[in-house]
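What follows is data_23.txt (compact mmCIF, C-alpha atoms).
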```txt
# COMPACT_ATOMS: atom_id res chain seq x y z
CA MET A 13 85.43 75.18 84.39
CA THR A 14 88.99 76.13 83.48
CA VAL A 15 91.24 77.89 85.97
CA PHE A 16 91.35 81.03 83.85
CA SER A 17 87.57 81.30 83.56
CA GLU A 18 87.31 80.81 87.32
CA LEU A 19 89.81 83.58 87.99
CA ARG A 20 87.85 85.87 85.66
CA MET A 21 84.58 84.65 87.25
CA ARG A 22 83.17 84.03 83.79
CA PRO A 23 81.36 80.95 82.45
CA ALA A 24 83.81 78.47 81.00
CA THR A 25 83.92 77.87 77.29
CA ALA A 26 83.27 74.35 76.12
CA GLY A 27 86.55 72.65 76.76
CA GLY A 28 88.34 69.38 76.84
CA TRP A 29 88.74 66.70 79.41
CA ALA A 30 88.85 67.44 83.13
CA TRP A 31 89.47 65.14 86.09
CA ASP A 32 86.17 64.53 87.88
CA ALA A 33 87.81 63.56 91.17
CA SER A 34 86.03 61.64 93.91
CA THR A 35 85.10 63.24 97.21
CA THR A 36 87.97 61.42 98.91
CA ALA A 37 90.47 62.72 96.35
CA ARG A 38 89.16 66.25 96.79
CA LEU A 39 89.43 65.95 100.58
CA VAL A 40 93.03 64.81 100.27
CA MET A 41 93.93 67.59 97.87
CA ALA A 42 92.34 70.32 100.02
CA GLY A 43 94.28 69.11 103.05
CA VAL A 44 97.56 68.41 101.24
CA VAL A 45 97.73 71.89 99.69
CA ILE A 46 97.52 73.78 102.99
CA PHE A 47 99.75 71.17 104.68
CA THR A 48 102.46 71.51 102.02
CA LEU A 49 102.37 75.31 101.95
CA LEU A 50 102.71 75.43 105.74
CA VAL A 51 105.60 72.96 105.63
CA GLY A 52 107.38 75.32 103.23
CA ALA A 53 106.57 78.34 105.35
CA ASN A 54 108.23 76.70 108.36
CA LEU A 55 111.24 75.00 106.81
CA ALA A 56 113.28 78.00 107.97
CA THR A 57 112.74 77.48 111.71
CA PRO A 58 115.90 75.38 112.36
CA LEU A 59 117.80 77.42 109.75
CA TYR A 60 117.46 80.76 111.53
CA PRO A 61 120.70 80.43 113.58
CA LEU A 62 122.56 79.60 110.35
CA LEU A 63 120.90 82.48 108.50
CA GLN A 64 121.85 84.82 111.33
CA ALA A 65 125.50 83.86 110.90
CA ASN A 66 125.45 83.95 107.08
CA LEU A 67 123.64 87.28 106.75
CA GLY A 68 125.00 88.95 109.89
CA ILE A 69 121.61 89.69 111.47
CA GLY A 70 120.62 89.47 115.13
CA SER A 71 117.62 88.12 117.01
CA PHE A 72 115.55 91.18 116.15
CA GLY A 73 116.28 90.65 112.44
CA ILE A 74 114.95 87.10 112.72
CA THR A 75 111.73 88.32 114.34
CA VAL A 76 111.40 90.90 111.53
CA ALA A 77 111.69 88.17 108.86
CA PHE A 78 109.27 85.93 110.74
CA SER A 79 106.81 88.77 111.24
CA ALA A 80 106.98 89.73 107.54
CA TYR A 81 105.42 86.33 106.85
CA VAL A 82 102.72 86.75 109.49
CA LEU A 83 101.84 90.34 108.62
CA ALA A 84 101.58 89.51 104.91
CA LEU A 85 99.42 86.53 105.81
CA VAL A 86 97.14 88.62 108.00
CA SER A 87 96.86 91.42 105.44
CA THR A 88 95.94 88.96 102.70
CA LEU A 89 93.34 87.27 104.89
CA MET A 90 91.75 90.68 105.47
CA LEU A 91 91.88 91.71 101.82
CA ALA A 92 91.27 88.39 100.07
CA GLY A 93 89.86 85.99 102.64
CA HIS A 94 86.55 85.87 100.78
CA TRP A 95 87.96 85.31 97.28
CA SER A 96 87.42 81.56 97.18
CA ASP A 97 83.69 82.14 97.74
CA HIS A 98 83.64 83.80 94.30
CA ILE A 99 86.47 82.35 92.19
CA GLY A 100 86.06 78.83 93.58
CA ARG A 101 88.12 76.73 95.94
CA ARG A 102 90.26 75.10 93.23
CA ALA A 103 91.33 78.39 91.65
CA ALA A 104 92.23 79.89 95.05
CA LEU A 105 94.32 76.84 95.99
CA LEU A 106 96.13 76.82 92.64
CA LEU A 107 96.90 80.53 92.93
CA ALA A 108 98.22 79.93 96.46
CA VAL A 109 100.59 77.20 95.24
CA VAL A 110 102.00 79.47 92.51
CA VAL A 111 102.64 82.34 94.96
CA GLY A 112 104.18 79.92 97.47
CA LEU A 113 106.50 78.58 94.78
CA VAL A 114 107.80 82.08 93.97
CA GLY A 115 108.21 82.96 97.65
CA GLY A 116 110.20 79.82 98.38
CA MET A 117 112.59 80.45 95.50
CA ILE A 118 113.22 84.03 96.65
CA PHE A 119 113.89 82.86 100.20
CA ALA A 120 116.26 80.13 98.96
CA ASN A 121 118.41 82.72 97.20
CA ALA A 122 118.16 85.51 99.80
CA ASP A 123 121.39 87.39 100.50
CA SER A 124 119.94 90.14 102.71
CA LEU A 125 117.29 90.68 105.37
CA ALA A 126 115.12 92.53 102.83
CA MET A 127 115.18 89.60 100.38
CA LEU A 128 114.59 87.17 103.23
CA SER A 129 111.56 89.17 104.34
CA ALA A 130 110.23 89.41 100.76
CA GLY A 131 110.33 85.64 100.38
CA ARG A 132 108.65 85.16 103.72
CA ALA A 133 105.95 87.71 102.81
CA LEU A 134 105.07 85.84 99.63
CA GLN A 135 104.87 82.60 101.60
CA GLY A 136 102.46 84.35 103.96
CA ILE A 137 100.28 85.47 101.05
CA ALA A 138 100.19 81.90 99.73
CA VAL A 139 99.15 80.44 103.09
CA ALA A 140 96.45 83.11 103.46
CA LEU A 141 94.97 82.36 100.04
CA ALA A 142 94.84 78.66 100.89
CA THR A 143 93.56 78.98 104.47
CA GLY A 144 89.97 80.02 103.84
CA ALA A 145 89.69 78.00 100.63
CA SER A 146 90.93 74.78 102.22
CA SER A 147 88.74 75.12 105.31
CA ALA A 148 85.66 75.93 103.25
CA ALA A 149 86.36 73.09 100.79
CA LEU A 150 86.63 70.56 103.60
CA ARG A 151 83.40 71.88 105.09
CA GLU A 152 81.56 71.53 101.78
CA LEU A 153 82.92 68.04 101.16
CA LEU A 154 81.78 66.82 104.60
CA PRO A 155 78.39 68.53 105.02
CA ALA A 156 77.12 65.87 107.44
CA ARG A 157 80.34 65.77 109.49
CA PRO A 158 81.18 69.38 110.41
CA ASP A 159 83.19 68.25 113.43
CA TRP A 160 85.49 66.14 111.28
CA ALA A 161 85.79 68.95 108.74
CA SER A 162 87.18 71.15 111.51
CA ARG A 163 89.43 68.33 112.72
CA PHE A 164 90.88 67.82 109.25
CA THR A 165 91.39 71.57 108.85
CA LEU A 166 93.34 71.88 112.10
CA LEU A 167 95.16 68.57 111.56
CA ALA A 168 96.44 69.72 108.16
CA SER A 169 97.32 73.20 109.45
CA ALA A 170 99.02 72.25 112.71
CA GLY A 171 100.59 69.19 111.06
CA GLY A 172 102.17 71.29 108.32
CA VAL A 173 103.53 73.83 110.80
CA ALA A 174 104.90 71.01 112.98
CA ALA A 175 106.46 69.03 110.13
CA GLY A 176 108.16 72.08 108.56
CA PRO A 177 110.88 72.54 111.21
CA ALA A 178 111.66 68.80 111.39
CA ILE A 179 111.87 68.45 107.60
CA GLY A 180 113.90 71.66 107.33
CA GLY A 181 116.36 70.40 109.91
CA ILE A 182 116.86 67.09 108.14
CA LEU A 183 117.17 68.61 104.66
CA SER A 184 119.64 71.20 105.96
CA LEU A 185 122.18 68.38 106.32
CA LEU A 186 122.41 68.30 102.51
CA PRO A 187 124.78 70.62 100.59
CA GLY A 188 123.41 74.16 100.52
CA PRO A 189 121.62 73.95 103.88
CA THR A 190 119.66 77.20 103.50
CA SER A 191 118.60 76.69 99.87
CA THR A 192 118.32 72.95 99.18
CA PRO A 193 115.23 72.47 101.42
CA TYR A 194 113.40 75.10 99.36
CA TYR A 195 114.48 73.70 96.01
CA LEU A 196 113.14 70.28 96.98
CA HIS A 197 109.95 71.82 98.32
CA SER A 198 109.51 73.69 95.03
CA VAL A 199 109.58 70.40 93.16
CA VAL A 200 106.70 69.16 95.33
CA LEU A 201 104.70 72.35 94.68
CA ILE A 202 105.23 72.06 90.92
CA ALA A 203 103.98 68.47 91.05
CA MET A 204 100.86 69.62 92.92
CA LEU A 205 99.99 72.10 90.16
CA VAL A 206 99.24 69.26 87.74
CA PRO A 207 96.25 67.65 89.53
CA LEU A 208 94.97 71.07 90.60
CA TYR A 209 94.97 72.29 87.00
CA LEU A 210 93.31 69.14 85.66
CA LEU A 211 90.68 68.97 88.40
CA LYS A 212 87.08 69.49 87.33
CA ALA A 213 86.18 72.38 89.59
CA ARG A 214 82.85 72.88 91.26
CA PRO A 215 81.16 76.28 90.81
CA ALA A 216 81.92 79.04 93.28
CA ILE A 217 79.43 79.15 96.12
CA THR A 218 78.52 82.78 95.33
CA SER A 219 77.84 83.42 91.65
CA VAL A 220 78.58 86.78 90.08
CA ALA A 221 76.46 88.58 87.51
CA GLY A 222 77.00 91.84 85.66
CA PRO A 223 79.74 93.43 83.58
CA GLN A 224 82.18 94.00 86.46
CA PRO A 225 82.45 90.78 88.45
CA LEU A 226 85.83 91.71 89.92
CA LYS A 227 84.09 94.19 92.23
CA VAL A 228 83.14 91.34 94.55
CA LEU A 229 86.85 90.72 95.20
CA ALA A 230 87.28 94.17 96.73
CA PRO A 231 88.12 94.21 100.47
CA ARG A 232 85.06 94.14 102.67
CA ARG A 233 84.41 94.90 106.28
CA PRO A 234 84.22 91.71 108.34
CA SER A 235 80.91 91.10 110.04
CA VAL A 236 79.59 88.20 112.09
CA SER A 237 75.98 87.28 112.75
CA SER A 238 74.73 87.80 116.29
CA GLU A 239 74.30 84.03 116.73
CA ALA A 240 77.98 83.38 116.00
CA ARG A 241 79.48 86.50 117.61
CA GLY A 242 80.29 85.04 121.02
CA ALA A 243 81.78 81.89 119.50
CA PHE A 244 83.75 84.05 117.04
CA TRP A 245 85.44 86.15 119.72
CA LEU A 246 86.20 83.17 121.94
CA ALA A 247 87.78 81.27 119.02
CA SER A 248 89.76 84.38 118.09
CA ALA A 249 91.06 84.87 121.64
CA VAL A 250 92.07 81.23 122.06
CA GLY A 251 93.62 81.31 118.60
CA PHE A 252 95.59 84.47 119.40
CA LEU A 253 97.04 82.86 122.52
CA SER A 254 97.75 79.59 120.69
CA PHE A 255 99.69 81.27 117.92
CA THR A 256 101.57 83.46 120.38
CA VAL A 257 103.03 80.23 121.77
CA PHE A 258 103.49 78.79 118.27
CA GLY A 259 105.18 81.98 117.06
CA PHE A 260 107.75 81.68 119.82
CA CYS A 261 108.36 78.01 118.96
CA LEU A 262 108.95 78.89 115.30
CA SER A 263 111.15 81.98 115.69
CA LEU A 264 113.38 82.39 118.76
CA ALA A 265 112.78 78.97 120.31
CA PRO A 266 115.49 77.17 118.27
CA GLY A 267 118.23 79.19 119.97
CA TYR A 268 116.49 78.93 123.32
CA PHE A 269 116.03 75.16 123.06
CA ALA A 270 119.64 74.71 121.93
CA GLN A 271 120.80 76.22 125.24
CA ILE A 272 118.56 73.85 127.21
CA VAL A 273 119.68 70.64 125.48
CA GLY A 274 123.27 71.81 125.04
CA ALA A 275 123.36 70.93 121.34
CA ASP A 276 123.26 72.73 118.01
CA SER A 277 122.01 69.87 115.79
CA ARG A 278 119.57 71.42 113.31
CA PRO A 279 117.44 68.26 112.95
CA LEU A 280 117.18 67.96 116.73
CA ILE A 281 116.30 71.62 117.18
CA GLY A 282 113.76 71.36 114.36
CA VAL A 283 112.06 68.42 116.05
CA LEU A 284 111.99 70.21 119.42
CA ALA A 285 110.54 73.36 117.84
CA GLY A 286 107.80 71.30 116.20
CA LEU A 287 106.85 69.22 119.25
CA THR A 288 104.10 71.55 120.47
CA LEU A 289 102.55 71.87 117.03
CA GLY A 290 102.87 68.15 116.36
CA ALA A 291 101.07 67.35 119.61
CA SER A 292 98.40 69.90 118.67
CA ALA A 293 97.92 68.21 115.29
CA LEU A 294 97.66 64.71 116.74
CA SER A 295 95.24 65.90 119.42
CA GLN A 296 92.70 66.49 116.63
CA LEU A 297 92.30 62.71 116.50
CA LEU A 298 91.27 62.52 120.16
CA ALA A 299 87.55 62.15 120.80
CA VAL A 300 87.40 64.51 123.79
CA ARG A 301 84.05 66.14 124.53
CA GLY A 302 82.26 67.79 127.40
CA ARG A 303 81.53 71.17 128.95
CA PHE A 304 84.93 71.43 130.57
CA VAL A 305 87.17 70.54 127.61
CA VAL A 306 88.05 74.16 126.80
CA PRO A 307 88.89 75.38 130.35
CA ALA A 308 90.80 72.16 131.07
CA GLY A 309 92.81 72.45 127.85
CA LEU A 310 93.64 76.10 128.53
CA ALA A 311 94.72 75.30 132.09
CA VAL A 312 97.03 72.57 130.78
CA LEU A 313 98.45 75.05 128.27
CA ALA A 314 99.07 77.63 131.02
CA VAL A 315 100.95 75.21 133.27
CA SER A 316 102.90 73.76 130.35
CA VAL A 317 104.33 77.05 129.11
CA LEU A 318 105.49 77.81 132.64
CA MET A 319 107.23 74.42 132.68
CA ILE A 320 109.08 75.33 129.47
CA ALA A 321 110.70 78.22 131.35
CA ALA A 322 111.37 75.91 134.30
CA ALA A 323 113.11 73.48 131.93
CA ALA A 324 115.52 76.24 130.99
CA ALA A 325 116.21 77.14 134.61
CA TRP A 326 116.82 73.48 135.53
CA ARG A 327 118.55 72.59 132.23
CA SER A 328 116.15 69.65 131.83
CA PRO A 329 115.61 68.42 128.24
CA TRP A 330 113.03 65.86 129.40
CA LEU A 331 110.94 68.51 131.14
CA LEU A 332 111.15 70.60 127.96
CA ILE A 333 109.84 67.68 125.87
CA ALA A 334 107.04 66.84 128.31
CA ALA A 335 105.97 70.47 128.65
CA SER A 336 106.03 71.03 124.88
CA LEU A 337 103.86 67.96 124.26
CA ALA A 338 101.41 68.88 127.02
CA ALA A 339 101.13 72.45 125.72
CA GLY A 340 100.26 71.12 122.25
CA VAL A 341 97.57 68.78 123.54
CA GLY A 342 96.02 71.47 125.76
CA GLN A 343 95.99 73.97 122.92
CA GLY A 344 94.77 71.44 120.38
CA VAL A 345 91.68 70.21 122.19
CA SER A 346 90.63 73.67 123.37
CA PHE A 347 91.12 75.44 120.03
CA ARG A 348 89.47 72.58 118.13
CA THR A 349 86.37 72.88 120.29
CA VAL A 350 85.94 76.65 119.97
CA PHE A 351 86.90 76.58 116.26
CA ASN A 352 84.30 73.91 115.54
CA ASP A 353 81.71 75.93 117.45
CA VAL A 354 82.14 79.06 115.36
CA ALA A 355 82.45 77.09 112.10
CA GLY A 356 79.14 75.39 112.81
CA LYS A 357 77.34 78.68 113.43
CA VAL A 358 78.53 80.51 110.28
CA GLU A 359 76.35 80.38 107.18
CA ALA A 360 77.90 78.46 104.25
CA SER A 361 77.97 81.44 101.87
CA ARG A 362 80.32 83.34 104.21
CA HIS A 363 82.32 80.47 105.65
CA ALA A 364 85.64 81.35 103.99
CA GLN A 365 85.31 85.03 104.91
CA ILE A 366 84.50 84.47 108.61
CA ILE A 367 87.03 81.68 109.13
CA SER A 368 89.65 83.86 107.45
CA THR A 369 88.76 86.65 109.90
CA VAL A 370 89.25 84.26 112.83
CA TYR A 371 92.68 83.48 111.42
CA VAL A 372 93.46 87.19 111.03
CA ILE A 373 93.24 87.61 114.80
CA THR A 374 94.83 84.23 115.42
CA TYR A 375 97.90 84.92 113.29
CA LEU A 376 98.38 88.34 114.85
CA GLY A 377 99.28 86.36 117.96
CA SER A 378 102.34 84.98 116.20
CA ALA A 379 103.46 88.44 115.03
CA LEU A 380 102.90 91.24 117.53
CA PRO A 381 103.95 89.42 120.75
CA VAL A 382 106.92 87.82 118.98
CA ILE A 383 108.15 91.21 117.76
CA GLY A 384 107.92 92.43 121.36
CA LEU A 385 109.83 89.36 122.50
CA GLY A 386 112.56 90.05 119.95
CA MET A 387 112.91 93.62 121.19
CA ALA A 388 112.98 92.46 124.81
CA THR A 389 115.69 89.95 123.95
CA THR A 390 118.01 92.70 122.72
CA VAL A 391 117.57 94.54 126.04
CA TYR A 392 117.31 91.80 128.67
CA GLY A 393 118.83 88.76 126.98
CA LEU A 394 117.13 85.63 125.69
CA GLN A 395 116.59 83.80 128.99
CA ALA A 396 115.06 86.73 130.88
CA ALA A 397 112.90 87.83 127.95
CA VAL A 398 111.51 84.33 127.41
CA ALA A 399 110.80 83.94 131.14
CA GLY A 400 108.67 87.11 131.13
CA PHE A 401 107.03 86.07 127.86
CA VAL A 402 105.85 82.66 129.12
CA VAL A 403 104.52 84.19 132.35
CA LEU A 404 102.33 86.56 130.31
CA CYS A 405 101.16 83.67 128.10
CA ALA A 406 100.29 81.62 131.19
CA LEU A 407 98.33 84.50 132.72
CA LEU A 408 96.28 84.94 129.55
CA ALA A 409 95.61 81.20 129.40
CA PHE A 410 94.45 81.14 133.02
CA VAL A 411 92.14 84.12 132.40
CA LEU A 412 90.57 82.42 129.37
CA ALA A 413 90.27 79.18 131.34
CA ALA A 414 88.41 81.02 134.11
CA VAL A 415 86.06 82.71 131.63
CA THR A 416 85.24 79.49 129.81
CA LEU A 417 84.86 77.59 133.11
CA ALA A 418 82.31 80.14 134.30
CA ALA A 419 80.41 79.75 131.01
CA ALA A 420 80.53 75.95 131.28
CA LEU A 421 79.14 76.01 134.82
CA ARG A 422 76.16 78.04 133.60
CA GLN A 423 75.31 75.36 131.02
CA PRO A 424 73.00 72.48 131.92
CA ALA A 425 74.79 69.23 132.66
```
Rewrite the structure from the file as C-alpha cells, please.
Amino acid sequence: MTVFSELRMRPATAGGWAWDASTTARLVMAGVVIFTLLVGANLATPLYPLLQANLGIGSFGITVAFSAYVLALVSTLMLAGHWSDHIGRRAALLLAVVVGLVGGMIFANADSLAMLSAGRALQGIAVALATGASSAALRELLPARPDWASRFTLLASAGGVAAGPAIGGILSLLPGPTSTPYYLHSVVLIAMLVPLYLLKARPAITSVAGPQPLKVLAPRRPSVSSEARGAFWLASAVGFLSFTVFGFCLSLAPGYFAQIVGADSRPLIGVLAGLTLGASALSQLLAVRGRFVVPAGLAVLAVSVLMIAAAAAWRSPWLLIAASLAAGVGQGVSFRTVFNDVAGKVEASRHAQIISTVYVITYLGSALPVIGLGMATTVYGLQAAVAGFVVLCALLAFVLAAVTLAAALRQPA
C-alpha cells in the first residue's frame, strides 16, 4: 500500500517496489519515531531561561508555551487517537513526522510567545499522532510478548523525553543556541521520512467499506470494556501523577535546579531535568514483579519528590540527584505495571484508541498542575510554590499507594 492510498483508506493501485522490512526493523522504526519526536518536543527544556531573556517573557509565559504543547497533544489524542486503527500504523507515523518537522522549524524561528506556542502545539500534535500508532504497532509486532511490548513503549517514550533536555543543552553550546538544536533535529526527521515512505505497510486493523470512509476518522466518545475499566482508571491516575512530576521537570525545574546547584550551565541543567525521566526509562529493563510493586513504587515516588524540595532547602546537589533518580525508578516500575495491565485487557481492534485515552488523562497531568504552579510562582515565588507543589504530589502518591496496597492485600499470595 502507498502512503496516499492509506491516508485515503482506499485499496492501493498496483505499484512499484516497497521495502518488506523484517519484524525487528519494524520494531526499531516504531520505537525510534516516537523517541525522536519526543526528543524534539523536549529540546527546549534547558533553553527556557534563554528564551525568557530573549523574548522578554516570565515564568508564566514559559508554562503557557509548555502547556500549549500538552493541550494540543491531549486534544489530538481525543480527536485522532483512533486514526491509526483505520489508516494504518505506518501512515500515522509518517504524518506525525511531517507535522513534527513543521512544528520544530516554527519553534526554531519564534520571535514571540505566540509563535513559540504555535510551534509547541504542532509538536504536541505530532507526538499525539505517533503515541497510539507506535504503542499499537509494538503490540502487534510482539503478540506473544505483551509485557515487552509495553516495556518498549514506555522505554521509547520516557527515553525520548529524558534525552531531549540533555541533547538540547549540549546542542545549545553551538552558534544559534535556540535554533540550531531544531535545525539538526529537522535533518534527522527528514532522514526518517525515507524508510517510512518506502516501507511496505501492513493493512489497517479495521478495514473501511462504503463511499465515505473518512467518517470513521470522526471524533468518537471513549469507552472501555467492563473488564478493563478498573485497570484503565488506575493506569490513568498513576499516569496523571507521573506526568505532573515530569511536567515540572520539563518546564520550571531548570531554573529551580540552577538555584540548587548554583550554576547556569545549560548542558548540566538539561541533564538534571532529564534525570527522573531517564531513570524511568531505564527502569523498564528491570524485571520487577509481585503484588506490591505498584504501592512500593508509588511510595518511593512520594518520598523522592519530598526530598527534591529538601534538596533545595539544604542546597544539596547530591540529594537532588539521588531523589530525582529514585523518583524515576519508583514511577517507572509502578506505571509500567498498571500500563501493562490495561494494555493486556484491551481488545486489539481498539488498542490505539484506549491507550490514547489513557495518555489523554496522563498528559493532562503535565499541563493543568504545571499551569497552576506557574501562577503560584508569580504570587509566592519559585521556592515556595515548588515546595507546596511537591507536597501535593507526595500526598497524591501516598493515597494511590494506599489504594493499591489495599487491593494487593486482597489478592491471593
From A:Val173, A:Ala396, A:Ala65, A:Ala291, residue lying nearest Gly342 in chain A [all atoms listed in the file]
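Using all atoms listed in the file, Gly342 in chain A sits closest to A:Ala291.
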Would you list the contacts of range 201-211 of chain A as a PyMOL selection string, taking every protein, DNA or RNA residue within 7 Å and counting only C-alpha atoms, but skipping same-chain residues closer than 2 positions in sequence?
chain A and resi 15+30-33+102+106+109+113+197-199+213
If you measure from CA of Ala174 in chain A to CA of Ala56 in chain A, what distance in Å do you get, rounded to one decimal?
12.0 Å
Closest to Leu83 in chain A among A:Ser248, A:Ser124, A:Ser129, A:Ser328, using only C-alpha atoms?
A:Ser129
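Here the question is which of A:Gly112, A:Pro177, A:Gly136, A:Gly73 gets nearest to Arg278 in chain A using only C-alpha atoms, and that residue is A:Pro177.
Going from CA of Ala406 in chain A to CA of Gly356 in chain A covers 28.7 Å.
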Name the closest residue to Gln395 in chain A among the candidates A:Asn54, A:Thr369, A:Gln271, A:Thr36; distances are taken between atoms, counting only C-alpha atoms.
A:Gln271
Please report the interatomic distance between CA of Arg163 in chain A and CA of Asn352 in chain A in Å with one decimal.
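Taking CA of Arg163 in chain A as the start and CA of Asn352 in chain A as the end point, the length is 8.1 Å.
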Taking 4 positions as the minimum chain separation for residues in the same chain, which residues sit within 7 Å of Ala293 in chain A when counting all atoms listed in the file? Answer as a PyMOL selection string.
chain A and resi 166-167+170-171+289+344
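Shortest separation to Leu394 in chain A among A:Phe347, A:Phe410, A:Phe47, A:Phe260 occurs at residue A:Phe260, atoms counted being all atoms listed in the file.
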Write out as an MDAnalysis selection string the residues lying within 12 Å of Trp160 in chain A, counting all atoms listed in the file and excluding same-chain residues fewer than 6 positions away.
chainID A and resid 39 147 150:154 166:168 296:299 348:349 351:352 355:356
In terms of the shortest atom-to-atom distance over all atoms listed in the file, which of A:Val40, A:Val372, A:Ile118, A:Leu331 is closest to Leu85 in chain A?
A:Val372
What's around Gly188 in chain A at 12 Å? Count all atoms listed in the file, leave out sequence neighbours fewer than 2 positions away in its own chain, and write the answer as an NGL selection string.
:A and (59 or 62-63 or 66 or 120-121 or 180 or 183-186 or 190-196)
Could you turn the residues from that selection into a file that holds C-alpha atoms, as a CSV table (one decimal), keeping the file's coordinate frame?
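Saved as selection_32.csv:
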```csv
chain,number,residue,atom,x,y,z
A,59,LEU,CA,117.8,77.4,109.8
A,62,LEU,CA,122.6,79.6,110.4
A,63,LEU,CA,120.9,82.5,108.5
A,66,ASN,CA,125.4,84.0,107.1
A,120,ALA,CA,116.3,80.1,99.0
A,121,ASN,CA,118.4,82.7,97.2
A,180,GLY,CA,113.9,71.7,107.3
A,183,LEU,CA,117.2,68.6,104.7
A,184,SER,CA,119.6,71.2,106.0
A,185,LEU,CA,122.2,68.4,106.3
A,186,LEU,CA,122.4,68.3,102.5
A,190,THR,CA,119.7,77.2,103.5
A,191,SER,CA,118.6,76.7,99.9
A,192,THR,CA,118.3,73.0,99.2
A,193,PRO,CA,115.2,72.5,101.4
A,194,TYR,CA,113.4,75.1,99.4
A,195,TYR,CA,114.5,73.7,96.0
A,196,LEU,CA,113.1,70.3,97.0
```
Please list as a ChimeraX atom specification every residue within 7 Å of Thr165 in chain A, counting only C-alpha atoms and excluding residues in the same chain fewer than 4 positions away.
/A:43,147,161,169
Emit a file covering range 84-110 of chain A of the preceding structure with C-alpha atoms, as a PDB file, in the first residue's frame.
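As written to disk, result-v6.pdb reads:
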```pdb
ATOM      1  CA  ALA A  84      -2.559  20.277  21.670  1.00  0.00           C
ATOM      2  CA  LEU A  85      -1.293  16.767  22.363  1.00  0.00           C
ATOM      3  CA  VAL A  86      -4.283  15.938  24.556  1.00  0.00           C
ATOM      4  CA  SER A  87      -6.788  17.409  22.092  1.00  0.00           C
ATOM      5  CA  THR A  88      -5.300  15.417  19.224  1.00  0.00           C
ATOM      6  CA  LEU A  89      -5.328  12.205  21.248  1.00  0.00           C
ATOM      7  CA  MET A  90      -9.035  12.765  21.904  1.00  0.00           C
ATOM      8  CA  LEU A  91      -9.858  13.644  18.304  1.00  0.00           C
ATOM      9  CA  ALA A  92      -7.473  11.376  16.398  1.00  0.00           C
ATOM     10  CA  GLY A  93      -6.242   8.733  18.821  1.00  0.00           C
ATOM     11  CA  HIS A  94      -8.029   6.028  16.829  1.00  0.00           C
ATOM     12  CA  TRP A  95      -6.814   7.070  13.374  1.00  0.00           C
ATOM     13  CA  SER A  96      -4.018   4.527  13.094  1.00  0.00           C
ATOM     14  CA  ASP A  97      -6.584   1.735  13.545  1.00  0.00           C
ATOM     15  CA  HIS A  98      -8.018   2.810  10.169  1.00  0.00           C
ATOM     16  CA  ILE A  99      -5.260   4.452   8.109  1.00  0.00           C
ATOM     17  CA  GLY A 100      -2.561   2.065   9.340  1.00  0.00           C
ATOM     18  CA  ARG A 101       0.359   2.468  11.695  1.00  0.00           C
ATOM     19  CA  ARG A 102       2.880   3.473   9.001  1.00  0.00           C
ATOM     20  CA  ALA A 103       0.737   6.287   7.599  1.00  0.00           C
ATOM     21  CA  ALA A 104       0.043   7.685  11.090  1.00  0.00           C
ATOM     22  CA  LEU A 105       3.748   7.660  11.978  1.00  0.00           C
ATOM     23  CA  LEU A 106       4.735   9.321   8.703  1.00  0.00           C
ATOM     24  CA  LEU A 107       2.098  12.018   9.170  1.00  0.00           C
ATOM     25  CA  ALA A 108       3.386  12.590  12.720  1.00  0.00           C
ATOM     26  CA  VAL A 109       6.956  13.087  11.485  1.00  0.00           C
ATOM     27  CA  VAL A 110       5.838  15.670   8.901  1.00  0.00           C
TER      28      VAL A 110
END
```
